[in-house]
Structures are given as C-alpha cells and as structure tokens.
$ cat structure.txt   # compact mmCIF, C-alpha atoms
# COMPACT_ATOMS: atom_id res chain seq x y z
CA MET A 2 44.08 -106.70 -0.77
CA ASN A 3 46.31 -108.46 -3.25
CA PRO A 4 47.96 -106.42 -6.04
CA LYS A 5 45.79 -107.84 -8.79
CA ARG A 6 42.59 -106.86 -7.02
CA LYS A 7 44.01 -103.47 -6.19
CA GLN A 8 44.73 -102.97 -9.86
CA ARG A 9 41.20 -103.98 -10.83
CA LEU A 10 39.79 -101.67 -8.17
CA MET A 11 41.77 -98.81 -9.70
CA VAL A 12 40.36 -99.69 -13.12
CA VAL A 13 36.81 -99.62 -11.76
CA LEU A 14 37.41 -96.30 -9.99
CA PHE A 15 38.99 -94.86 -13.11
CA LEU A 16 36.01 -96.04 -15.18
CA LEU A 17 33.60 -94.41 -12.76
CA ALA A 18 35.59 -91.17 -12.53
CA GLY A 19 36.02 -90.96 -16.31
CA ALA A 20 32.37 -91.60 -17.07
CA GLY A 21 31.34 -89.26 -14.27
CA ALA A 22 33.53 -86.45 -15.56
CA THR A 23 32.20 -86.94 -19.11
CA VAL A 24 28.60 -86.74 -17.96
CA ALA A 25 29.31 -83.79 -15.65
CA LEU A 26 30.98 -81.80 -18.44
CA THR A 27 28.17 -82.62 -20.86
CA LEU A 28 25.53 -81.52 -18.38
CA LEU A 29 27.48 -78.39 -17.57
CA ALA A 30 27.70 -77.51 -21.25
CA LEU A 31 23.99 -78.12 -21.68
CA ASN A 32 23.11 -76.42 -18.41
CA GLU A 33 20.88 -73.66 -19.77
CA ASN A 34 19.04 -76.03 -22.07
CA LEU A 35 18.23 -78.46 -19.31
CA ASN A 36 15.97 -75.96 -17.64
CA LEU A 37 12.41 -76.72 -18.53
CA PHE A 38 11.31 -73.09 -18.57
CA TYR A 39 12.45 -69.47 -18.46
CA PRO A 40 11.94 -67.72 -15.11
CA PRO A 41 10.30 -64.25 -15.13
CA ASP A 42 13.59 -62.30 -14.86
CA GLN A 43 14.89 -63.89 -18.09
CA ILE A 44 11.62 -63.09 -19.87
CA VAL A 45 11.71 -59.47 -18.73
CA SER A 46 15.41 -58.94 -19.44
CA GLY A 47 15.01 -60.23 -22.98
CA GLU A 48 17.19 -63.31 -22.54
CA ALA A 49 14.31 -65.51 -23.66
CA PRO A 50 13.87 -65.71 -27.45
CA THR A 51 10.78 -64.11 -28.95
CA GLN A 52 8.67 -65.40 -31.85
CA THR A 53 9.49 -69.01 -31.06
CA ARG A 54 7.78 -71.61 -28.91
CA ILE A 55 9.20 -71.55 -25.39
CA ARG A 56 8.13 -72.35 -21.85
CA ALA A 57 8.01 -69.76 -19.12
CA GLY A 58 7.19 -70.15 -15.45
CA GLY A 59 6.34 -68.05 -12.44
CA MET A 60 3.81 -67.46 -9.71
CA VAL A 61 0.38 -66.10 -10.57
CA MET A 62 0.26 -62.59 -9.11
CA ALA A 63 -2.60 -62.00 -6.70
CA GLY A 64 -5.41 -59.99 -8.22
CA SER A 65 -4.05 -60.22 -11.75
CA VAL A 66 -6.34 -62.90 -13.16
CA ALA A 67 -8.85 -61.36 -15.56
CA ARG A 68 -11.35 -63.59 -17.31
CA GLN A 69 -13.39 -62.56 -20.31
CA ALA A 70 -17.08 -62.29 -19.40
CA ASN A 71 -18.22 -64.92 -21.90
CA GLY A 72 -15.47 -67.10 -23.28
CA LEU A 73 -12.38 -68.90 -22.26
CA ASP A 74 -9.96 -66.04 -22.72
CA VAL A 75 -8.01 -65.28 -19.61
CA SER A 76 -5.06 -63.05 -18.83
CA PHE A 77 -2.86 -63.06 -15.77
CA VAL A 78 0.55 -61.89 -14.61
CA LEU A 79 3.39 -64.28 -13.72
CA THR A 80 5.90 -63.01 -11.19
CA ASP A 81 8.93 -64.16 -9.24
CA TYR A 82 8.05 -61.83 -6.33
CA GLU A 83 11.40 -60.15 -6.92
CA GLY A 84 10.34 -57.39 -9.23
CA SER A 85 10.12 -59.27 -12.53
CA ASP A 86 6.70 -59.99 -13.97
CA PHE A 87 5.07 -60.37 -17.36
CA GLU A 88 1.57 -60.72 -18.73
CA VAL A 89 0.22 -63.97 -20.13
CA ARG A 90 -2.81 -64.38 -22.37
CA TYR A 91 -4.40 -67.75 -22.80
CA SER A 92 -7.55 -69.18 -24.27
CA GLY A 93 -8.62 -72.53 -22.95
CA ILE A 94 -9.32 -74.56 -19.86
CA LEU A 95 -7.00 -73.92 -16.94
CA PRO A 96 -5.74 -76.84 -14.81
CA ASP A 97 -7.51 -77.50 -11.49
CA LEU A 98 -4.55 -76.27 -9.48
CA PHE A 99 -4.52 -72.89 -11.22
CA ARG A 100 -5.03 -70.16 -8.66
CA GLU A 101 -3.44 -66.95 -7.52
CA GLY A 102 -0.11 -67.51 -5.80
CA GLN A 103 0.33 -70.88 -7.54
CA GLY A 104 3.44 -71.79 -9.56
CA ILE A 105 2.45 -72.06 -13.21
CA LEU A 106 4.19 -73.09 -16.41
CA VAL A 107 3.05 -71.68 -19.72
CA GLN A 108 4.05 -72.76 -23.19
CA GLY A 109 3.70 -70.50 -26.17
CA GLN A 110 5.24 -67.45 -27.81
CA LEU A 111 6.69 -64.35 -26.26
CA GLY A 112 5.66 -61.37 -28.36
CA SER A 113 7.93 -58.40 -28.96
CA ASP A 114 5.53 -56.37 -26.79
CA GLY A 115 6.48 -58.53 -23.81
CA VAL A 116 3.12 -60.27 -23.65
CA PHE A 117 3.27 -64.05 -23.58
CA LYS A 118 0.66 -65.78 -25.74
CA ALA A 119 0.23 -69.22 -24.16
CA ASP A 120 -1.28 -72.24 -25.83
CA GLU A 121 -0.71 -74.56 -22.89
CA VAL A 122 -0.87 -73.92 -19.15
CA LEU A 123 0.56 -76.42 -16.65
CA ALA A 124 0.36 -76.19 -12.88
CA LYS A 125 3.39 -76.78 -10.70
CA HIS A 126 2.89 -77.90 -7.13
CA ASP A 127 5.48 -78.09 -4.39
CA GLU A 128 6.45 -80.78 -1.93
CA ASN A 129 4.49 -79.20 0.93
CA TYR A 130 1.42 -81.32 1.40
CA MET A 131 -1.10 -80.53 4.10
CA PRO A 132 -4.63 -81.34 5.09
CA PRO A 133 -7.23 -78.63 4.27
CA GLU A 134 -7.87 -77.73 7.93
CA LEU A 135 -4.17 -77.18 8.53
CA ALA A 136 -3.81 -75.10 5.39
CA ASP A 137 -6.61 -72.82 6.67
CA MET A 138 -4.67 -72.21 9.85
CA HIS A 139 -1.39 -71.68 8.07
CA ARG A 140 -2.37 -69.08 5.56
CA PRO A 141 -5.76 -67.59 6.25
CA ALA A 142 -4.89 -64.49 4.24
CA ALA A 143 -3.78 -66.18 1.01
CA PRO A 144 -6.42 -65.24 -1.55
CA GLY A 145 -7.64 -68.30 -3.36
CA GLY A 146 -4.85 -70.32 -1.79
CA ASP A 147 -7.01 -72.03 0.79
CA ALA A 148 -9.19 -75.04 0.39
CA GLU A 149 -12.42 -74.92 -1.47
CA MET B 12 31.63 -113.95 13.20
CA THR B 13 34.02 -111.22 12.17
CA LEU B 14 33.34 -108.95 9.24
CA LYS B 15 35.98 -110.68 7.18
CA GLU B 16 34.43 -114.08 7.81
CA LEU B 17 31.01 -112.76 6.85
CA TRP B 18 32.49 -111.32 3.66
CA HIS B 19 33.95 -114.71 2.76
CA ARG B 20 30.75 -116.54 3.65
CA LEU B 21 28.63 -114.16 1.58
CA GLY B 22 30.72 -115.28 -1.35
CA SER B 23 29.53 -118.83 -0.88
CA PRO B 24 26.28 -119.63 -2.67
CA ARG B 25 25.86 -122.78 -0.63
CA TRP B 26 26.08 -120.95 2.68
CA PHE B 27 23.67 -118.28 1.46
CA TYR B 28 21.20 -120.89 0.25
CA ARG B 29 21.28 -122.63 3.61
CA ILE B 30 20.62 -119.55 5.73
CA SER B 31 18.31 -117.60 3.39
CA GLY B 32 15.22 -119.82 3.35
CA PRO B 33 13.60 -118.27 6.44
CA LEU B 34 14.91 -114.81 5.46
CA ALA B 35 12.72 -114.69 2.36
CA TRP B 36 9.68 -115.63 4.45
CA VAL B 37 10.37 -113.10 7.20
CA LEU B 38 10.91 -110.28 4.68
CA GLY B 39 7.87 -111.36 2.68
CA ILE B 40 5.54 -111.38 5.70
CA LEU B 41 6.94 -108.04 6.90
CA ALA B 42 6.40 -106.60 3.43
CA LEU B 43 2.80 -107.84 3.34
CA VAL B 44 1.97 -106.39 6.76
CA LEU B 45 3.69 -103.04 6.11
CA LEU B 46 2.42 -102.55 2.56
CA VAL B 47 -1.18 -103.45 3.42
CA SER B 48 -1.29 -101.23 6.50
CA GLY B 49 0.59 -98.35 4.85
CA SER B 50 -1.59 -98.44 1.74
CA VAL B 51 -4.90 -98.69 3.60
CA TRP B 52 -3.80 -95.92 5.95
CA GLY B 53 -2.54 -93.69 3.18
CA LEU B 54 -5.30 -94.30 0.65
CA ALA B 55 -8.28 -94.33 3.01
CA PHE B 56 -7.43 -92.59 6.28
CA ALA B 57 -4.75 -89.98 5.67
CA PRO B 58 -6.19 -86.50 5.10
CA PRO B 59 -6.44 -85.16 1.53
CA ASP B 60 -4.12 -82.39 0.39
CA TYR B 61 -5.39 -78.80 0.66
CA GLN B 62 -4.72 -78.16 -3.04
CA GLN B 63 -4.72 -81.48 -4.81
CA GLY B 64 -7.46 -83.18 -2.82
CA ASN B 65 -7.46 -86.94 -3.16
CA SER B 66 -5.25 -87.13 -6.23
CA PHE B 67 -2.25 -86.51 -3.98
CA ARG B 68 -2.74 -90.02 -2.52
CA ILE B 69 -0.88 -91.54 -5.44
CA ILE B 70 2.21 -90.35 -3.55
CA TYR B 71 1.79 -93.49 -1.40
CA ILE B 72 2.65 -95.64 -4.42
CA HIS B 73 4.74 -93.23 -6.48
CA VAL B 74 7.39 -92.26 -3.92
CA PRO B 75 8.11 -95.79 -2.58
CA THR B 76 8.48 -97.24 -6.09
CA ALA B 77 10.78 -94.39 -7.16
CA ILE B 78 12.97 -94.72 -4.05
CA VAL B 79 13.28 -98.51 -4.31
CA ALA B 80 13.95 -98.31 -8.07
CA GLN B 81 16.98 -96.11 -7.37
CA SER B 82 18.16 -98.13 -4.37
CA ALA B 83 17.99 -101.31 -6.44
CA TYR B 84 20.22 -99.67 -9.03
CA MET B 85 22.70 -98.59 -6.35
CA LEU B 86 22.80 -102.19 -5.11
CA MET B 87 23.57 -103.34 -8.65
CA GLY B 88 26.34 -100.77 -8.93
CA VAL B 89 27.94 -102.06 -5.73
CA ALA B 90 27.49 -105.69 -6.83
CA GLY B 91 28.99 -104.79 -10.20
CA ALA B 92 32.06 -103.23 -8.60
CA ILE B 93 32.52 -106.26 -6.31
CA LEU B 94 32.23 -108.59 -9.29
CA LEU B 95 34.80 -106.62 -11.28
CA VAL B 96 37.31 -106.38 -8.44
CA TRP B 97 36.86 -109.54 -6.39
CA ARG B 98 35.27 -111.81 -9.06
CA MET B 99 32.73 -113.01 -6.54
CA LYS B 100 30.13 -115.15 -8.27
CA MET B 101 27.45 -114.22 -5.74
CA ALA B 102 27.85 -110.59 -6.86
CA ASP B 103 26.93 -111.58 -10.43
CA MET B 104 23.88 -113.44 -9.14
CA VAL B 105 22.80 -110.36 -7.15
CA LEU B 106 23.25 -108.29 -10.31
CA ALA B 107 21.10 -110.68 -12.33
CA ALA B 108 18.47 -111.11 -9.63
CA THR B 109 17.92 -107.38 -9.03
CA VAL B 110 17.20 -106.34 -12.63
CA PRO B 111 13.57 -107.53 -13.01
CA PHE B 112 12.37 -105.99 -9.75
CA GLY B 113 14.19 -102.70 -10.29
CA MET B 114 12.88 -102.49 -13.83
CA THR B 115 9.31 -103.05 -12.64
CA MET B 116 9.64 -100.42 -9.91
CA THR B 117 11.04 -97.85 -12.35
CA ALA B 118 8.22 -98.50 -14.80
CA LEU B 119 5.67 -98.24 -11.97
CA ALA B 120 7.18 -94.97 -10.74
CA LEU B 121 6.97 -93.50 -14.24
CA PHE B 122 3.42 -94.77 -14.71
CA THR B 123 2.13 -93.50 -11.36
CA GLY B 124 3.93 -90.22 -12.03
CA ALA B 125 2.06 -89.84 -15.31
CA VAL B 126 -1.25 -90.66 -13.63
CA TRP B 127 -0.46 -88.06 -10.97
CA GLY B 128 0.73 -85.51 -13.52
CA LYS B 129 -2.46 -85.50 -15.55
CA PRO B 130 -4.80 -84.10 -12.86
CA THR B 131 -2.25 -81.88 -11.07
CA TRP B 132 0.11 -80.53 -13.73
CA GLY B 133 -2.31 -80.89 -16.60
CA ALA B 134 -0.06 -83.20 -18.65
CA TRP B 135 0.76 -86.91 -18.64
CA TRP B 136 4.37 -86.32 -19.50
CA VAL B 137 6.73 -83.36 -19.50
CA TRP B 138 10.35 -83.59 -20.60
CA ASP B 139 11.87 -82.03 -17.52
CA ALA B 140 15.15 -83.11 -15.94
CA ARG B 141 13.57 -85.37 -13.30
CA THR B 142 11.22 -87.30 -15.58
CA THR B 143 13.84 -87.63 -18.32
CA SER B 144 16.58 -88.92 -16.00
CA MET B 145 14.10 -91.42 -14.54
CA LEU B 146 13.32 -92.59 -18.09
CA VAL B 147 17.07 -93.03 -18.62
CA LEU B 148 17.08 -95.26 -15.52
CA LEU B 149 14.38 -97.43 -17.11
CA PHE B 150 16.45 -97.72 -20.29
CA LEU B 151 19.50 -98.68 -18.21
CA TYR B 152 17.45 -101.49 -16.68
CA PHE B 153 16.31 -102.56 -20.16
CA GLY B 154 19.95 -102.48 -21.27
CA LEU B 155 21.10 -104.64 -18.37
CA TYR B 156 18.33 -107.13 -19.05
CA ALA B 157 19.06 -107.30 -22.76
CA LEU B 158 22.84 -107.44 -22.37
CA ARG B 159 22.66 -110.54 -20.22
CA GLN B 160 20.40 -112.28 -22.73
CA ALA B 161 22.62 -111.23 -25.63
CA ILE B 162 25.86 -112.77 -24.36
CA PRO B 163 25.72 -116.54 -24.10
CA ARG B 164 28.82 -117.05 -21.96
CA GLN B 165 27.84 -116.44 -18.36
CA GLU B 166 31.13 -115.01 -17.17
CA THR B 167 31.43 -112.54 -20.05
CA ALA B 168 27.80 -111.52 -19.69
CA GLY B 169 28.32 -110.92 -15.97
CA ARG B 170 31.31 -108.64 -16.50
CA ALA B 171 29.64 -106.69 -19.30
CA CYS B 172 26.58 -106.14 -17.11
CA ALA B 173 28.83 -105.15 -14.20
CA VAL B 174 30.50 -102.43 -16.27
CA LEU B 175 27.13 -101.10 -17.43
CA ALA B 176 25.77 -101.20 -13.87
CA VAL B 177 28.79 -99.34 -12.46
CA VAL B 178 28.77 -96.64 -15.14
CA GLY B 179 24.99 -96.23 -14.86
CA VAL B 180 25.30 -95.35 -11.17
CA ILE B 181 26.20 -91.83 -12.34
CA ASN B 182 22.54 -91.39 -13.26
CA ILE B 183 21.40 -91.81 -9.64
CA PRO B 184 22.73 -88.48 -8.26
CA ILE B 185 21.43 -86.83 -11.44
CA ILE B 186 17.92 -88.13 -10.70
CA LYS B 187 18.21 -87.11 -7.06
CA TYR B 188 19.48 -83.58 -7.62
CA SER B 189 17.73 -82.84 -10.94
CA VAL B 190 15.03 -80.89 -9.12
CA ASP B 191 17.65 -78.73 -7.37
CA TRP B 192 20.08 -78.18 -10.22
CA TRP B 193 17.60 -77.21 -12.92
CA LEU B 194 14.20 -75.63 -13.22
CA THR B 195 11.74 -78.50 -13.46
CA LEU B 196 8.00 -78.99 -13.31
CA HIS B 197 8.53 -81.82 -10.84
CA GLN B 198 8.46 -80.66 -7.22
CA GLY B 199 11.36 -81.03 -4.79
CA ALA B 200 12.18 -84.13 -2.75
CA THR B 201 9.46 -85.46 -0.44
CA PHE B 202 11.90 -86.94 2.07
CA ARG B 203 15.21 -85.33 2.93
CA LEU B 204 17.68 -86.85 5.35
CA THR B 205 18.53 -83.55 7.01
CA GLU B 206 15.11 -81.97 7.36
CA ALA B 207 11.72 -82.89 8.73
CA PRO B 208 9.24 -83.82 5.96
CA ALA B 209 7.17 -80.91 4.71
CA MET B 210 3.90 -82.50 5.72
CA PRO B 211 2.17 -83.47 8.96
CA PRO B 212 2.84 -86.92 10.52
CA GLU B 213 -0.59 -88.30 9.59
CA MET B 214 0.49 -87.88 5.97
CA TRP B 215 4.13 -88.94 6.03
CA ILE B 216 3.99 -91.87 8.47
CA PRO B 217 1.90 -94.07 6.13
CA LEU B 218 4.28 -93.04 3.34
CA ALA B 219 7.30 -94.09 5.41
CA VAL B 220 5.53 -97.38 6.26
CA ASN B 221 5.01 -98.05 2.55
CA VAL B 222 8.62 -97.19 1.72
CA LEU B 223 9.82 -99.62 4.40
CA GLY B 224 7.33 -102.23 3.20
CA LEU B 225 8.49 -101.95 -0.38
CA TYR B 226 12.12 -102.34 0.75
CA CYS B 227 11.09 -105.55 2.52
CA PHE B 228 9.27 -106.71 -0.61
CA PHE B 229 12.38 -105.95 -2.63
CA GLY B 230 14.46 -107.92 -0.12
CA ALA B 231 12.10 -110.90 -0.23
CA ASN B 232 12.02 -110.82 -4.02
CA LEU B 233 15.80 -110.54 -4.22
CA VAL B 234 16.38 -113.44 -1.81
CA GLY B 235 13.85 -115.59 -3.64
CA ARG B 236 15.37 -114.87 -7.03
CA LEU B 237 18.89 -115.36 -5.66
CA ARG B 238 17.95 -118.79 -4.32
CA ALA B 239 16.52 -119.79 -7.69
CA GLU B 240 19.60 -118.43 -9.45
CA ILE B 241 21.93 -120.30 -7.08
CA VAL B 242 20.19 -123.62 -7.68
CA ARG B 243 20.17 -123.01 -11.43
CA ARG B 244 23.83 -122.06 -11.69
CA GLU B 245 25.12 -124.62 -9.21
CA ALA B 246 22.93 -127.40 -10.58
CA ARG B 247 25.94 -129.58 -11.33
CA THR B 248 27.50 -129.35 -7.89
CA ALA B 249 27.22 -132.18 -5.43
CA TRP B 250 25.34 -130.19 -2.81
CA VAL B 251 22.55 -129.10 -5.15
CA ARG B 252 22.18 -132.67 -6.43
CA ALA B 253 21.97 -133.93 -2.90
CA LEU B 254 19.40 -131.24 -2.15
CA ALA B 255 17.32 -132.18 -5.18
CA ALA B 256 17.55 -135.87 -4.40
CA GLY B 257 16.51 -135.17 -0.83
CA GLU B 258 13.51 -133.13 -1.89
CA LEU B 259 12.49 -135.76 -4.40
CA GLN B 260 12.72 -138.33 -1.64
CA THR B 261 10.55 -136.24 0.70
CA ALA B 262 8.08 -135.52 -2.08
CA ARG B 263 7.78 -139.21 -2.84
CA GLU B 264 7.26 -140.06 0.80
CA VAL B 265 4.59 -137.42 1.14
CA SER B 266 2.67 -138.55 -1.90
CA GLU B 267 2.88 -142.19 -0.87
CA ASP B 268 1.63 -141.14 2.52
CA GLU B 269 -1.32 -139.39 0.97
CA VAL B 270 -2.18 -142.31 -1.22
CA LEU B 271 -2.17 -144.58 1.81
CA ARG B 272 -4.31 -142.20 3.81
CA MET B 273 -6.85 -141.28 1.19
CA GLY B 274 -7.18 -144.60 -0.53
CA PRO B 275 -7.58 -144.64 -4.29
CA GLY B 276 -7.46 -141.17 -5.79
CA PRO B 277 -10.49 -139.43 -7.28
CA GLY B 278 -11.44 -140.92 -10.58
CA ALA B 279 -10.29 -144.38 -9.64
CA GLY B 280 -13.79 -145.44 -8.63
CA ARG B 281 -15.55 -144.23 -11.73
$ encode --input "structure.txt" --output "structure tokens"
Amino acid sequence: MNPKRKQRLMVVLFLLAGAGATVALTLLALNENLNLFYPPDQIVSGEAPTQTRIRAGGMVMAGSVARQANGLDVSFVLTDYEGSDFEVRYSGILPDLFREGQGILVQGQLGSDGVFKADEVLAKHDENYMPPELADMHRPAAPGGDAE
Amino acid sequence: MTLKELWHRLGSPRWFYRISGPLAWVLGILALVLLVSGSVWGLAFAPPDYQQGNSFRIIYIHVPTAIVAQSAYMLMGVAGAILLVWRMKMADMVLAATVPFGMTMTALALFTGAVWGKPTWGAWWVWDARTTSMLVLLFLYFGLYALRQAIPRQETAGRACAVLAVVGVINIPIIKYSVDWWLTLHQGATFRLTEAPAMPPEMWIPLAVNVLGLYCFFGANLVGRLRAEIVRREARTAWVRALAAGELQTAREVSEDEVLRMGPGPGAGR
C-alpha cells in the first residue's frame, strides 16, 4: 500500500474510532435512561421515582390476577422471580398476550404505598416461537401459558 | 485470477458492466423462487405460534427486511472506506446504488414492526432502544440520499457520503446489541450465529429461505442499479458510446425486421 493510501486509511480509522468513542461514552453516560422500564427490584428498592409517570416491567405472578366482578378493574402482581414483586392496578382492556407468567410492561404512577397505578399495559413476548402442539408438550403445567 | 487481479478488475466499471449482465438475471430469478416459496411456506403452511397465533407470521417479512437493511448499510460503510482510501470510482457507485434499496428495507422493517407491535405488544410504536436505533438507521439513509442530491459536484458528493456512511456504521452494532444492553420491549435476536434458533425447523426454515431470497433480491437490485449508474457516469467514454451505437443498430434491425414481416403496421390500413 503506498504511503498516501496508508495515510488516508489511518484518517478513516481515526474517524471511525473517534466517532465510535464519542457514541460509546454518550451511551454509557445515558445508560440508565436508555432502559425502557424499571425492573421489579428497582421498584421495590425505591430506586424508581414515585408520583411521576414511569414504565415498569416484570412477569405476571401466577395466581395473582384478580378481576373485579363487573368492570374492567384488574389487579395483578409483577415479579422477577427473584424475590422482588409489586402490585399493579389497572382499569382497561388488557392486551391479547396478557396472561400469568407473561412479561408485561406497565406505564403509570408508582404510589408511595408501593402500588403501581397503570394507565397502559403492554405485553412483551420473547424470541421463542413454537407451534401450539409443541408448547403443550413443553410446559403442560404452566397455568394459562398454553394454547387456547 | 488472483485476489489482487480481481481487486483491480472490480475497480473497472467497464469490466463489471461486461460480466454483470447475467448476474442480475441469475440473482433476480433466485430471489423470485426463494421469496415466493419462503413466503407461501411461512404465511400459509408454517404452524402458528402458541401465544401470538397467526400474527407472528409477519416475522417472515419483518426479520428479512431488518437484516438486509443493516447488511446494506454495512456494505455502504465498506464501500465508503474503500472510496476514501483507494479513491475507487466503483465504490462510489456502490454507495449511490445501495441507498434506495436499503432505505426501502429499513422503512419496511419499521412498518412491519409497527403492524406486529399493535396486536402483540398493544402499541404501534414504543421508544425503546431497538426501535429508536432502527429509526436512526432510516434517518441515516435519508441523510445519505439527501446529501448526494445536495452537492452538485460528483466527486465531492461521493466523499461526503462516504464519510457519513463510515461514521453511521457505528449504529449497526447498537441496533444489534440494543436488546442485550438495555431493557427493551423488543424481544431478543431471532437468529444467532452461535446458537440454534429458538423455534422448530418448520418455523425457521421458511424464514431462512426468505432471508436468503431477500439477499438475492438486494444483489439483483444492486447489480441492476450499478449497471445503470455505470452507463450514466461513463456516458462520455468510447466504450459506452460504442455500446449505445451497437444497441441502436440492433434495435433498428429488429424493428425493420418486424416491419418486413408484419407488413404495414396497425392503423395503416384504416
């Protein structure tokens, strides 16, 4: 490679490294704010701000979903299966994928009593896709987790 | 042909034009066969998902477009670096020819993602790290497209686009790892190089077929656009003039032939 090209190659590499470092440092500085939601342990430990609109996420704990007899009010517990969980109250229509054991995102306010008042519920799904018959074989015991 | 020879030949628009005619056809036919079979298989015959039912089938469009959108950008980054270092004019043509297809694929990936998000997540759009970085990719494509139009001098425009393309490559690992680095609503990667896909073969094979098909379509589109770009940029060279004159000659012969065979054209007898 002739010296001129070598020099230009160095310039390109320098450009890439410089821009890369800038972006990396910016993202690192913003790291906490780039998370879309607070996981259950941050909600429980009080790291998440109260009285302001935030998003929280977790898995719906089995057996925790309680619906009002006549109305749309529903309450359930979100957990990380590692000892942190909190109660969510919501009034409205739940997404189709909402079920026990499902990852769920809620948006709303965390009260000082530790109860999360949600005004929006989003369902998270994972990258494990399977046909209904296979899912039946895989997890026959998962309540509400199998195909309808 | 050694690697070095190939490298030098790739730099020659004339050589590329001569050998690439059949290439576009081969890639185009492959793309048609793969995309039709992959889509029919995926959309009609693959089993539905145990949770999402049929709405999961949009994966057969969403994932291929997202993968090709990012690959196209990587190609532009490499072409940009080659242009900046070696000043190869073919690299600038590759850069220019990739933008429209990559832009379309990015827009399609975002659109199909929104259509998928509504029934499964419950929202068309969520500002999580994956969706936002993909939107940044679309804006980078817009920027590359606009930058080339904005600078009249071809050489300057090429270098400016090359710098933008090279710097923008930083966004690609961010898109790829956004779902691992941060908490997002978007699920993890469907295909990983090191692990088996997290779904049975009757679900992922049609997806892989569609990914391959879309790569072929991208290749065919790129070759076609490159050929057009070569003829446009080299219009003043002797070989393109000879080519044009030759085609004109053939066209004339063909039409004369037809006139002779078919007699007076329609309308002549009225």
$ interface_residues --input "structure.txt" --of "chain A" --to "chain B" --cutoff "9 Å" --atoms "only C-alpha atoms" --output "number ranges by chain"
A: 5-14, 16-17, 20-21, 24, 32-33, 35-40, 95-98, 105-106, 122-137, 146-149
$ atom_distance --input "structure.txt" --atom1 "CA of Ile69 (chain B)" --atom2 "CA of Leu54 (chain B)"
8.0 Å
$ closest_residue --input "structure.txt" --among "A:Val61, A:Ala70, A:Ala119, A:Ile94" --to "Pro41 (chain A)" --atoms "all atoms listed in the file"
A:Val61
$ atom_distance --input "structure.txt" --atom1 "CA of Arg159 (chain B)" --atom2 "CA of Leu106 (chain B)"
10.2 Å
$ atom_distance --input "structure.txt" --atom1 "CA of Asp114 (chain A)" --atom2 "CA of Val89 (chain A)"
11.4 Å
$ residues_near_point --input "structure.txt" --point "(15.6, -109.7, 3.2)" --cutoff "9 Å" --atoms "all atoms listed in the file" --output "ChimeraX atom specification"
/B:31,34-39,226-234
$ closest_residue --input "structure.txt" --among "B:Val242, B:Pro217, B:Asp191, B:Lys100" --to "Gly49 (chain B)" --atoms "all atoms listed in the file"
B:Pro217
$ closest_residue --input "structure.txt" --among "A:Met62, A:Ala57, A:Val116, A:Ala67" --to "Gln103 (chain A)" --atoms "only C-alpha atoms"
A:Met62
$ residues_around --input "structure.txt" --residues "region 48-51 of chain A" --least-positions-apart "6" --cutoff "7 Å" --atoms "all atoms listed in the file" --output "number ranges by chain"
A: 39, 110-113
$ closest_residue --input "structure.txt" --among "B:Ala83, B:Asn221, B:Pro24, B:Gly88" --to "Leu43 (chain B)" --atoms "all atoms listed in the file"
B:Asn221
$ closest_residue --input "structure.txt" --among "B:Gln260, B:Thr167, B:Thr109, B:Gln160" --to "Ser82 (chain B)" --atoms "only C-alpha atoms"
B:Thr109
